[in-house]
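A.B. asks: This is the structure I want to talk about, given as structure tokens.
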Amino acid sequence: MKTREEYIESLKKLDLQVYLLGEKVDDPTGHPVIVPSLNSVAMTYELAQLPEYEDLMTATSNLTGEKINRFTHLHQSTDDLLKKVKMQRLLGQKTASCFQRCVGMDAANAVYSTTYECDKAHGTSYFENFKKYWERIQKEDLVVDGAMTDPKGDRGLSPSQQEDPDMYLRVVERRADGIVVRGSKAHQTGIVNSHEVIVMPTVAMRPEDKDYAVAFSLPADAPGIFMIYGRQSCDTRKLEPNADIDLGNKNFGGHEALMIFEDVFVPNERIFLNGETDFAGMLVERFASYHRQSYGGCKVGVGDVLIGATALAADYNGVPKASHIKDKLIEMNHLNESLYSCGIACSCEGCQMEAGNYYVDALLANVCKQNITRLPYEITRLAEDIAGGLMVTMPSQQDYDNEKLKPYIDKYLKGIADVSTEDRMRVLRLIENITLGTAAVGYRTESMHGAGSPQAQRVMIGRQANMEHKKELAKTIAGVKKKK
């Protein structure tokens, strides 16, 4: 397994094509806007080296029998599914942000079982392709991004009906040695910090959408791939001189990017789906369920930090014993643990797939994500309520560093006597960061739209709720007689 330092050095060797604020980035590992997100991924390597986290952060590979980072593991039991969620909560606590490796892990487990069943149905060799590929990922301990979301264009039209055929990533040429693809993947979490990318379709496909039913892997720096780094609220604070207090979370963060595939060649051994439209929907559904489970871990860990910061804000304001403050903090914990319970439940109820790896209970995973679209917003509201308006009206760090202004800020923004004004400002900026700043991308809007928007979960819940069975239960209890 790689160390933190080895991971960062391995990224430096890639020839990534990254654009940020209209300019080409020569070294993404050294750019001040990107570095906090790099640190978050690096934490997945750092914790895996520590004995106290070995049980959560590592696993034994079913492919090689070797010890591997759990982010490259193919789940072999419900215990693995549970440890995944616990690991994600831990990393959320350590970084208070998105640590970016979940998407690749979830993609791998979905591709593993789907390719196995596709090969059985079509006589293809995608499963062997993927096993050989993933064995290398495990041995080299690489970060793999999972790319599913297409720009989609007109949502009322299928992929093949779009006015611009590139609105969904597609095969534009099939050759004896591979395929050539063109298109884009949006909202790509962590792609700039990744060695590899697994590309998947984003919707179920019809036969006429054959060119869009494609899954494959590529190096993140493959010829023809480039990335446009996404904006985040307050992101340019990282570029300010001596940026520290105003960042809220100086060391960690997340990122997303628009990923462009400009006629990119994919060799045969890296192809995991190529025109089998009947398996596109299966792959989408399995990935989505795994990723909806993930949110019951990572968002909860960030929530732990936000709750802690909110409690500190109450302490520093001198009101920790106020009954309404205590009740609001209890409610924040209740909501956060409710989310965690969903992540745990869908893991405990998981089952083994034909390929041998384990899959979450899809109904409960969708219930988990449906709650994620709501409860972090209420946790955020309560945090802002307790923190007070100063969270968004404080003077800047530059003002605080000004010799003339600092005494006045220290005097008039003071809370309780034994806590410095600076410490009070730091805690309020952390709350701002998670609720409104750069980390709000991951904690708020991603909670709404990541792993599928709310209606996507409602569709799945409706499909899996087994209403006819429940009707029969009611008929039996009520004494409704069966029609002859």
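In the structure tokens, the first chain shown is A, the next is B, and so on; residue numbers restart at 1 for each chain, and ligands run from 1 in the order shown.
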Please provide as a PyMOL selection string all residues within 7 Å of A:Ala186, with the sequence filter that same-chain residues fewer than 5 positions apart are discarded (counting only C-alpha atoms).

C.D. replies: chain A and resi 149-151+257-259

A.B. asks: Taking only stretch 213-288 of chain A into account, list the residues labelled alpha helix (DSSP H) by DSSP (computed from the backbone), as a PDB file with C-alpha atoms, in the first residue's frame.

C.D. replies:
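Ended up saving to states28.pdb:
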ATOM      1  CA  ALA A 280     -26.610  -0.365 -18.827  1.00  0.00           C
ATOM      2  CA  GLY A 281     -29.508   0.083 -16.414  1.00  0.00           C
ATOM      3  CA  MET A 282     -28.219  -2.652 -14.123  1.00  0.00           C
ATOM      4  CA  LEU A 283     -24.839  -0.975 -13.865  1.00  0.00           C
ATOM      5  CA  VAL A 284     -26.411   2.416 -13.156  1.00  0.00           C
ATOM      6  CA  GLU A 285     -28.720   1.022 -10.490  1.00  0.00           C
ATOM      7  CA  ARG A 286     -25.989  -0.926  -8.691  1.00  0.00           C
ATOM      8  CA  PHE A 287     -23.554   1.942  -8.673  1.00  0.00           C
ATOM      9  CA  ALA A 288     -26.260   4.310  -7.443  1.00  0.00           C
TER      10      ALA A 288
END

A.B. asks: At a cut-off of 7 Å, using only C-alpha atoms, what residues contact A:Thr3? Leave out same-chain residues fewer than 2 positions from it and give the result as a list in words.

C.D. replies: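 Returned residues: Met1, Glu5, Glu6, Tyr7, Tyr45 and Glu46 of chain A.
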
A.B. asks: Any chance you could list, as a PyMOL selection string, the residues in stretch 21-153 of chain A that come up strand (DSSP E) when DSSP is run on the backbone?

C.D. replies: chain A and resi 23-24+58-60+67-69+144-147

A.B. asks: Hey, can you spit out that residue selection with C-alpha atoms as a short mmCIF file (atom, residue, chain, number, x, y, z; two decimals), in the first residue's frame?

C.D. replies:
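Here's the written file selection27.cif:
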data_model
loop_
_atom_site.label_atom_id
_atom_site.label_comp_id
_atom_site.auth_asym_id
_atom_site.auth_seq_id
_atom_site.Cartn_x
_atom_site.Cartn_y
_atom_site.Cartn_z
CA GLU A 23 -5.59 29.10 -17.04
CA LYS A 24 -3.71 25.84 -17.54
CA THR A 58 -7.52 -2.12 5.10
CA ALA A 59 -8.86 -5.45 3.84
CA THR A 60 -7.65 -8.70 2.29
CA LYS A 67 -3.50 -6.66 2.30
CA ILE A 68 -4.97 -3.67 0.45
CA ASN A 69 -6.46 -0.25 1.11
CA VAL A 144 -9.84 5.71 -9.30
CA ASP A 145 -12.53 8.24 -10.15
CA GLY A 146 -15.99 7.01 -11.12
CA ALA A 147 -17.50 8.94 -14.02
#

A.B. asks: Find the residues around stretch 293-307 of chain A up to 6 Å (only C-alpha atoms counted), leave out those fewer than 3 positions away in its own chain, and share them as a ChimeraX atom specification.

C.D. replies: /A:85,88-89,92-93,96,290,310,336,339-340,343,365

A.B. asks: What separation in Å, quoted to one decimal, exists between atom CA of A:Ser113 and atom CA of A:Ala355?

C.D. replies: 5.1 Å

A.B. asks: Measure the distance from atom CA of A:Tyr19 to atom CA of A:Pro219 in Å and round it to one decimal.

C.D. replies: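 Distance between the two atoms: 17.7 Å.
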
A.B. asks: Give me the residues of stretch 221-337 of chain A that have any atom at most 7 Å from an atom of stretch 439-458 of chain A; for each, the nearest atom pair and the distance in Å, rounded to one decimal. Use only C-alpha atoms, sort by chain and number, and format it as JSON lines.

C.D. replies:
{"residue": "A:Gln232", "atom": "CA", "partner": "A:Val441", "partner_atom": "CA", "distance": 6.9}
{"residue": "A:Gly253", "atom": "CA", "partner": "A:Ala439", "partner_atom": "CA", "distance": 6.3}
{"residue": "A:Gly254", "atom": "CA", "partner": "A:Ala439", "partner_atom": "CA", "distance": 7.0}
{"residue": "A:Ala288", "atom": "CA", "partner": "A:Ala451", "partner_atom": "CA", "distance": 5.7}
{"residue": "A:His291", "atom": "CA", "partner": "A:Ala451", "partner_atom": "CA", "distance": 5.8}
{"residue": "A:Arg292", "atom": "CA", "partner": "A:Ala451", "partner_atom": "CA", "distance": 5.9}
{"residue": "A:Lys299", "atom": "CA", "partner": "A:Tyr443", "partner_atom": "CA", "distance": 6.4}

A.B. asks: With only C-alpha atoms as the counted atoms, please give the residues lying no more than 9 Å from stretch 194-201 of chain A, apart from itself and same-chain residues fewer than 3 positions off, as number ranges by chain.

C.D. replies: A: 10-11, 14, 100-101, 104, 107-108, 111, 137, 142-150, 168-169, 185, 190-191, 204-205, 212-221, 272-273, 280-281, 283-284

A.B. asks: Give me a file of those residues, with N, CA and C atoms, as a tab-separated table (two decimals), in the first residue's frame.

C.D. replies:
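The resulting file, result.tsv, is shown below:
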chain	number	residue	atom	x	y	z
A	10	SER	N	3.36	10.09	-6.85
A	10	SER	CA	2.83	9.39	-8.04
A	10	SER	C	1.95	10.31	-8.87
A	11	LEU	N	1.22	11.23	-8.22
A	11	LEU	CA	0.41	12.19	-8.97
A	11	LEU	C	1.28	13.16	-9.76
A	14	LEU	N	2.02	12.29	-13.36
A	14	LEU	CA	0.97	12.30	-14.38
A	14	LEU	C	1.00	13.59	-15.19
A	100	GLN	N	-13.12	11.85	-1.58
A	100	GLN	CA	-13.08	11.62	-3.03
A	100	GLN	C	-12.85	10.19	-3.54
A	101	ARG	N	-12.52	9.24	-2.71
A	101	ARG	CA	-12.24	7.89	-3.22
A	101	ARG	C	-13.45	6.97	-3.24
A	104	GLY	N	-14.94	5.76	-6.91
A	104	GLY	CA	-14.23	4.68	-7.59
A	104	GLY	C	-14.47	3.33	-6.95
A	107	ALA	N	-17.98	2.32	-7.94
A	107	ALA	CA	-17.99	1.94	-9.35
A	107	ALA	C	-17.41	0.55	-9.55
A	108	ALA	N	-16.31	0.28	-8.86
A	108	ALA	CA	-15.64	-1.02	-9.01
A	108	ALA	C	-16.56	-2.17	-8.62
A	111	VAL	N	-19.33	-2.53	-11.28
A	111	VAL	CA	-18.83	-3.08	-12.54
A	111	VAL	C	-18.49	-4.57	-12.38
A	137	ILE	N	-4.98	-2.14	-9.88
A	137	ILE	CA	-5.37	-1.01	-9.03
A	137	ILE	C	-5.06	-1.33	-7.57
A	142	LEU	N	-4.04	2.64	-6.30
A	142	LEU	CA	-4.33	3.84	-7.09
A	142	LEU	C	-5.68	4.45	-6.72
A	143	VAL	N	-5.80	5.75	-6.94
A	143	VAL	CA	-7.08	6.45	-6.81
A	143	VAL	C	-7.81	6.36	-8.14
A	144	VAL	N	-9.04	5.86	-8.09
A	144	VAL	CA	-9.84	5.71	-9.30
A	144	VAL	C	-11.10	6.56	-9.17
A	145	ASP	N	-11.30	7.44	-10.12
A	145	ASP	CA	-12.53	8.24	-10.15
A	145	ASP	C	-13.62	7.44	-10.85
A	146	GLY	N	-14.86	7.63	-10.44
A	146	GLY	CA	-15.99	7.01	-11.12
A	146	GLY	C	-16.76	8.07	-11.87
A	147	ALA	N	-16.88	7.92	-13.19
A	147	ALA	CA	-17.50	8.94	-14.02
A	147	ALA	C	-18.82	8.43	-14.58
A	148	MET	N	-19.92	8.95	-14.07
A	148	MET	CA	-21.23	8.50	-14.52
A	148	MET	C	-22.06	9.62	-15.14
A	149	THR	N	-22.06	10.81	-14.58
A	149	THR	CA	-23.02	11.86	-14.95
A	149	THR	C	-22.67	12.53	-16.27
A	150	ASP	N	-23.52	12.34	-17.27
A	150	ASP	CA	-23.39	13.05	-18.55
A	150	ASP	C	-24.07	14.41	-18.46
A	168	TYR	N	-24.37	12.92	-24.33
A	168	TYR	CA	-24.05	11.72	-23.56
A	168	TYR	C	-22.78	11.13	-24.17
A	169	LEU	N	-21.84	10.72	-23.33
A	169	LEU	CA	-20.59	10.16	-23.85
A	169	LEU	C	-20.90	8.92	-24.69
A	185	LYS	N	-18.13	14.16	-18.97
A	185	LYS	CA	-18.70	13.73	-17.70
A	185	LYS	C	-18.64	14.93	-16.74
A	190	GLY	N	-13.06	14.64	-7.41
A	190	GLY	CA	-11.71	14.13	-7.19
A	190	GLY	C	-10.92	13.74	-8.42
A	191	ILE	N	-11.40	14.04	-9.61
A	191	ILE	CA	-10.71	13.56	-10.82
A	191	ILE	C	-9.30	14.12	-10.92
A	204	ALA	N	-30.49	4.07	-17.98
A	204	ALA	CA	-30.82	2.84	-18.70
A	204	ALA	C	-30.95	3.15	-20.18
A	205	MET	N	-30.60	2.20	-21.02
A	205	MET	CA	-30.53	2.44	-22.46
A	205	MET	C	-31.52	1.57	-23.24
A	212	TYR	N	-24.09	4.53	-26.73
A	212	TYR	CA	-23.96	5.20	-25.44
A	212	TYR	C	-23.85	4.20	-24.28
A	213	ALA	N	-24.13	2.94	-24.54
A	213	ALA	CA	-24.05	1.90	-23.52
A	213	ALA	C	-22.61	1.41	-23.45
A	214	VAL	N	-21.78	2.19	-22.78
A	214	VAL	CA	-20.35	1.89	-22.78
A	214	VAL	C	-19.77	2.13	-21.39
A	215	ALA	N	-18.89	1.22	-20.97
A	215	ALA	CA	-18.16	1.37	-19.71
A	215	ALA	C	-16.72	0.95	-19.96
A	216	PHE	N	-15.79	1.68	-19.36
A	216	PHE	CA	-14.37	1.41	-19.61
A	216	PHE	C	-13.54	2.14	-18.55
A	217	SER	N	-12.24	1.88	-18.58
A	217	SER	CA	-11.30	2.60	-17.71
A	217	SER	C	-10.22	3.25	-18.57
A	218	LEU	N	-9.66	4.31	-18.03
A	218	LEU	CA	-8.55	5.00	-18.69
A	218	LEU	C	-7.65	5.66	-17.63
A	219	PRO	N	-6.39	5.86	-17.95
A	219	PRO	CA	-5.57	6.73	-17.09
A	219	PRO	C	-6.15	8.14	-17.13
A	220	ALA	N	-6.06	8.86	-16.02
A	220	ALA	CA	-6.62	10.21	-15.96
A	220	ALA	C	-5.90	11.17	-16.91
A	221	ASP	N	-4.70	10.80	-17.32
A	221	ASP	CA	-3.95	11.66	-18.24
A	221	ASP	C	-3.89	11.08	-19.65
A	272	PHE	N	-15.47	-2.57	-20.48
A	272	PHE	CA	-16.30	-3.37	-19.58
A	272	PHE	C	-17.77	-3.44	-20.02
A	273	LEU	N	-18.12	-2.67	-21.04
A	273	LEU	CA	-19.46	-2.70	-21.64
A	273	LEU	C	-19.33	-1.97	-22.97
A	280	ALA	N	-26.93	-1.74	-19.22
A	280	ALA	CA	-26.61	-0.36	-18.83
A	280	ALA	C	-27.39	0.03	-17.57
A	281	GLY	N	-28.68	-0.27	-17.56
A	281	GLY	CA	-29.51	0.08	-16.41
A	281	GLY	C	-29.08	-0.64	-15.15
A	283	LEU	N	-26.06	-1.60	-14.35
A	283	LEU	CA	-24.84	-0.98	-13.87
A	283	LEU	C	-25.15	0.34	-13.16
A	284	VAL	N	-26.03	1.14	-13.76
A	284	VAL	CA	-26.41	2.42	-13.16
A	284	VAL	C	-27.06	2.19	-11.79

A.B. asks: In Å, how far is it from atom CA of A:Gln352 to atom CA of A:Thr202?

C.D. replies: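 These two atoms are separated by 24.2 Å.
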
A.B. asks: As a PyMOL selection string, please: the residues near A:Ala48 (cut-off 12 Å, only C-alpha atoms, same-chain neighbours under 2 positions excluded).

C.D. replies: chain A and resi 1-4+41-46+50-59+67-72+87+90-91+141

A.B. asks: Using N, CA and C atoms, can you export the residues from the last selection as a short mmCIF file (atom, residue, chain, number, x, y, z; two decimals), in the first residue's frame?

C.D. replies:
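Full text of part21.cif as output:
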data_model
loop_
_atom_site.label_atom_id
_atom_site.label_comp_id
_atom_site.auth_asym_id
_atom_site.auth_seq_id
_atom_site.Cartn_x
_atom_site.Cartn_y
_atom_site.Cartn_z
N MET A 1 0.84 -1.19 0.00
CA MET A 1 0.00 0.00 0.00
C MET A 1 0.88 1.25 0.00
N LYS A 2 0.41 2.28 -0.69
CA LYS A 2 1.15 3.53 -0.76
C LYS A 2 1.06 4.32 0.54
N THR A 3 2.12 5.08 0.82
CA THR A 3 2.08 6.06 1.90
C THR A 3 1.52 7.36 1.33
N ARG A 4 1.23 8.28 2.21
CA ARG A 4 0.77 9.61 1.79
C ARG A 4 1.77 10.25 0.81
N VAL A 41 -7.64 13.38 0.07
CA VAL A 41 -7.37 12.06 -0.50
C VAL A 41 -6.17 11.43 0.19
N ALA A 42 -5.15 12.25 0.43
CA ALA A 42 -3.94 11.74 1.08
C ALA A 42 -4.24 11.15 2.45
N MET A 43 -5.29 11.65 3.11
CA MET A 43 -5.67 11.11 4.41
C MET A 43 -6.10 9.65 4.31
N THR A 44 -6.66 9.24 3.16
CA THR A 44 -7.05 7.83 2.99
C THR A 44 -5.83 6.92 2.97
N TYR A 45 -4.69 7.45 2.58
CA TYR A 45 -3.43 6.71 2.61
C TYR A 45 -2.80 6.77 4.00
N GLU A 46 -2.85 7.96 4.60
CA GLU A 46 -2.21 8.16 5.90
C GLU A 46 -2.84 7.27 6.97
N LEU A 50 -1.77 3.47 9.84
CA LEU A 50 -1.78 3.54 11.29
C LEU A 50 -2.43 2.29 11.89
N PRO A 51 -1.78 1.64 12.83
CA PRO A 51 -2.30 0.39 13.42
C PRO A 51 -3.70 0.53 14.01
N GLU A 52 -4.00 1.69 14.61
CA GLU A 52 -5.30 1.85 15.26
C GLU A 52 -6.47 1.90 14.28
N TYR A 53 -6.18 2.13 12.99
CA TYR A 53 -7.24 2.18 11.99
C TYR A 53 -7.15 1.04 10.98
N GLU A 54 -6.27 0.11 11.21
CA GLU A 54 -6.03 -0.97 10.25
C GLU A 54 -7.30 -1.76 9.93
N ASP A 55 -8.11 -2.06 10.93
CA ASP A 55 -9.29 -2.88 10.71
C ASP A 55 -10.29 -2.20 9.78
N LEU A 56 -10.41 -0.89 9.90
CA LEU A 56 -11.35 -0.16 9.04
C LEU A 56 -10.74 0.19 7.68
N MET A 57 -9.48 0.58 7.68
CA MET A 57 -8.87 1.16 6.49
C MET A 57 -8.27 0.14 5.53
N THR A 58 -8.12 -1.11 5.97
CA THR A 58 -7.52 -2.12 5.10
C THR A 58 -8.40 -3.36 5.02
N ALA A 59 -8.12 -4.19 4.03
CA ALA A 59 -8.86 -5.45 3.84
C ALA A 59 -7.94 -6.44 3.15
N LYS A 67 -2.93 -7.78 1.55
CA LYS A 67 -3.50 -6.66 2.30
C LYS A 67 -3.58 -5.45 1.38
N ILE A 68 -4.76 -4.81 1.35
CA ILE A 68 -4.97 -3.67 0.45
C ILE A 68 -5.70 -2.55 1.19
N ASN A 69 -5.65 -1.36 0.62
CA ASN A 69 -6.46 -0.25 1.11
C ASN A 69 -7.92 -0.57 0.85
N ARG A 70 -8.79 -0.35 1.85
CA ARG A 70 -10.20 -0.72 1.69
C ARG A 70 -10.87 0.03 0.54
N PHE A 71 -10.34 1.15 0.14
CA PHE A 71 -10.92 1.89 -0.97
C PHE A 71 -10.75 1.16 -2.31
N THR A 72 -9.93 0.11 -2.33
CA THR A 72 -9.78 -0.69 -3.55
C THR A 72 -10.39 -2.09 -3.37
N MET A 87 -15.63 3.44 7.95
CA MET A 87 -14.43 4.10 7.42
C MET A 87 -14.77 5.47 6.87
N LEU A 90 -15.31 7.93 9.63
CA LEU A 90 -14.03 8.30 10.20
C LEU A 90 -13.34 9.37 9.35
N LEU A 91 -13.31 9.17 8.05
CA LEU A 91 -12.62 10.13 7.18
C LEU A 91 -13.35 11.46 7.10
N ASP A 141 -2.29 0.48 -5.46
CA ASP A 141 -3.03 1.36 -4.54
C ASP A 141 -3.33 2.71 -5.20
#

A.B. asks: What's the 12 Å shell around A:Cys234, counting only C-alpha atoms, without same-chain residues fewer than 3 positions away, as a list in words?

C.D. replies: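 The residues that qualify are Val33, Arg231, Arg237, Lys238, Leu239, Glu240, Ala243, Asp246, Leu247, Gly248, Asn249, Gly253, Val392, Arg429, Glu432, Asn433, Ile434, Thr435, Leu436, Gly437, Thr438, Ala439, Ala440 and Val441 of chain A.
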
A.B. asks: Let me see the file: selected residues, C-alpha atoms, as a PDB file, in the first residue's frame.

C.D. replies:
ATOM      1  CA  VAL A  33      -6.945  26.032  -4.652  1.00  0.00           C
ATOM      2  CA  ARG A 231     -15.923  26.856  -8.858  1.00  0.00           C
ATOM      3  CA  ARG A 237     -10.010  32.992  -0.362  1.00  0.00           C
ATOM      4  CA  LYS A 238      -7.335  30.297  -0.751  1.00  0.00           C
ATOM      5  CA  LEU A 239      -5.423  32.701  -3.001  1.00  0.00           C
ATOM      6  CA  GLU A 240      -5.365  35.537  -0.466  1.00  0.00           C
ATOM      7  CA  ALA A 243      -4.883  32.637   4.041  1.00  0.00           C
ATOM      8  CA  ASP A 246     -11.024  32.952   6.678  1.00  0.00           C
ATOM      9  CA  LEU A 247     -10.740  29.496   5.114  1.00  0.00           C
ATOM     10  CA  GLY A 248     -12.463  27.803   8.054  1.00  0.00           C
ATOM     11  CA  ASN A 249     -10.820  24.526   7.048  1.00  0.00           C
ATOM     12  CA  GLY A 253     -11.448  20.244   0.986  1.00  0.00           C
ATOM     13  CA  VAL A 392     -21.298  35.851   8.015  1.00  0.00           C
ATOM     14  CA  ARG A 429     -15.395  30.334   9.989  1.00  0.00           C
ATOM     15  CA  GLU A 432     -19.369  29.016   7.553  1.00  0.00           C
ATOM     16  CA  ASN A 433     -17.101  26.753   5.510  1.00  0.00           C
ATOM     17  CA  ILE A 434     -19.331  23.692   5.944  1.00  0.00           C
ATOM     18  CA  THR A 435     -22.680  25.459   5.619  1.00  0.00           C
ATOM     19  CA  LEU A 436     -21.954  28.161   3.030  1.00  0.00           C
ATOM     20  CA  GLY A 437     -18.337  27.917   1.869  1.00  0.00           C
ATOM     21  CA  THR A 438     -16.238  25.490  -0.142  1.00  0.00           C
ATOM     22  CA  ALA A 439     -17.273  22.454   1.937  1.00  0.00           C
ATOM     23  CA  ALA A 440     -20.966  23.251   1.419  1.00  0.00           C
ATOM     24  CA  VAL A 441     -20.589  21.797  -2.081  1.00  0.00           C
TER      25      VAL A 441
END

A.B. asks: For A:Val171, which of A:Asn274, A:Ser338, A:Gln464, A:Thr373 is the closest residue, counting only C-alpha atoms?

C.D. replies: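 When distances to A:Val171 are compared using only C-alpha atoms, the smallest one comes from A:Asn274.
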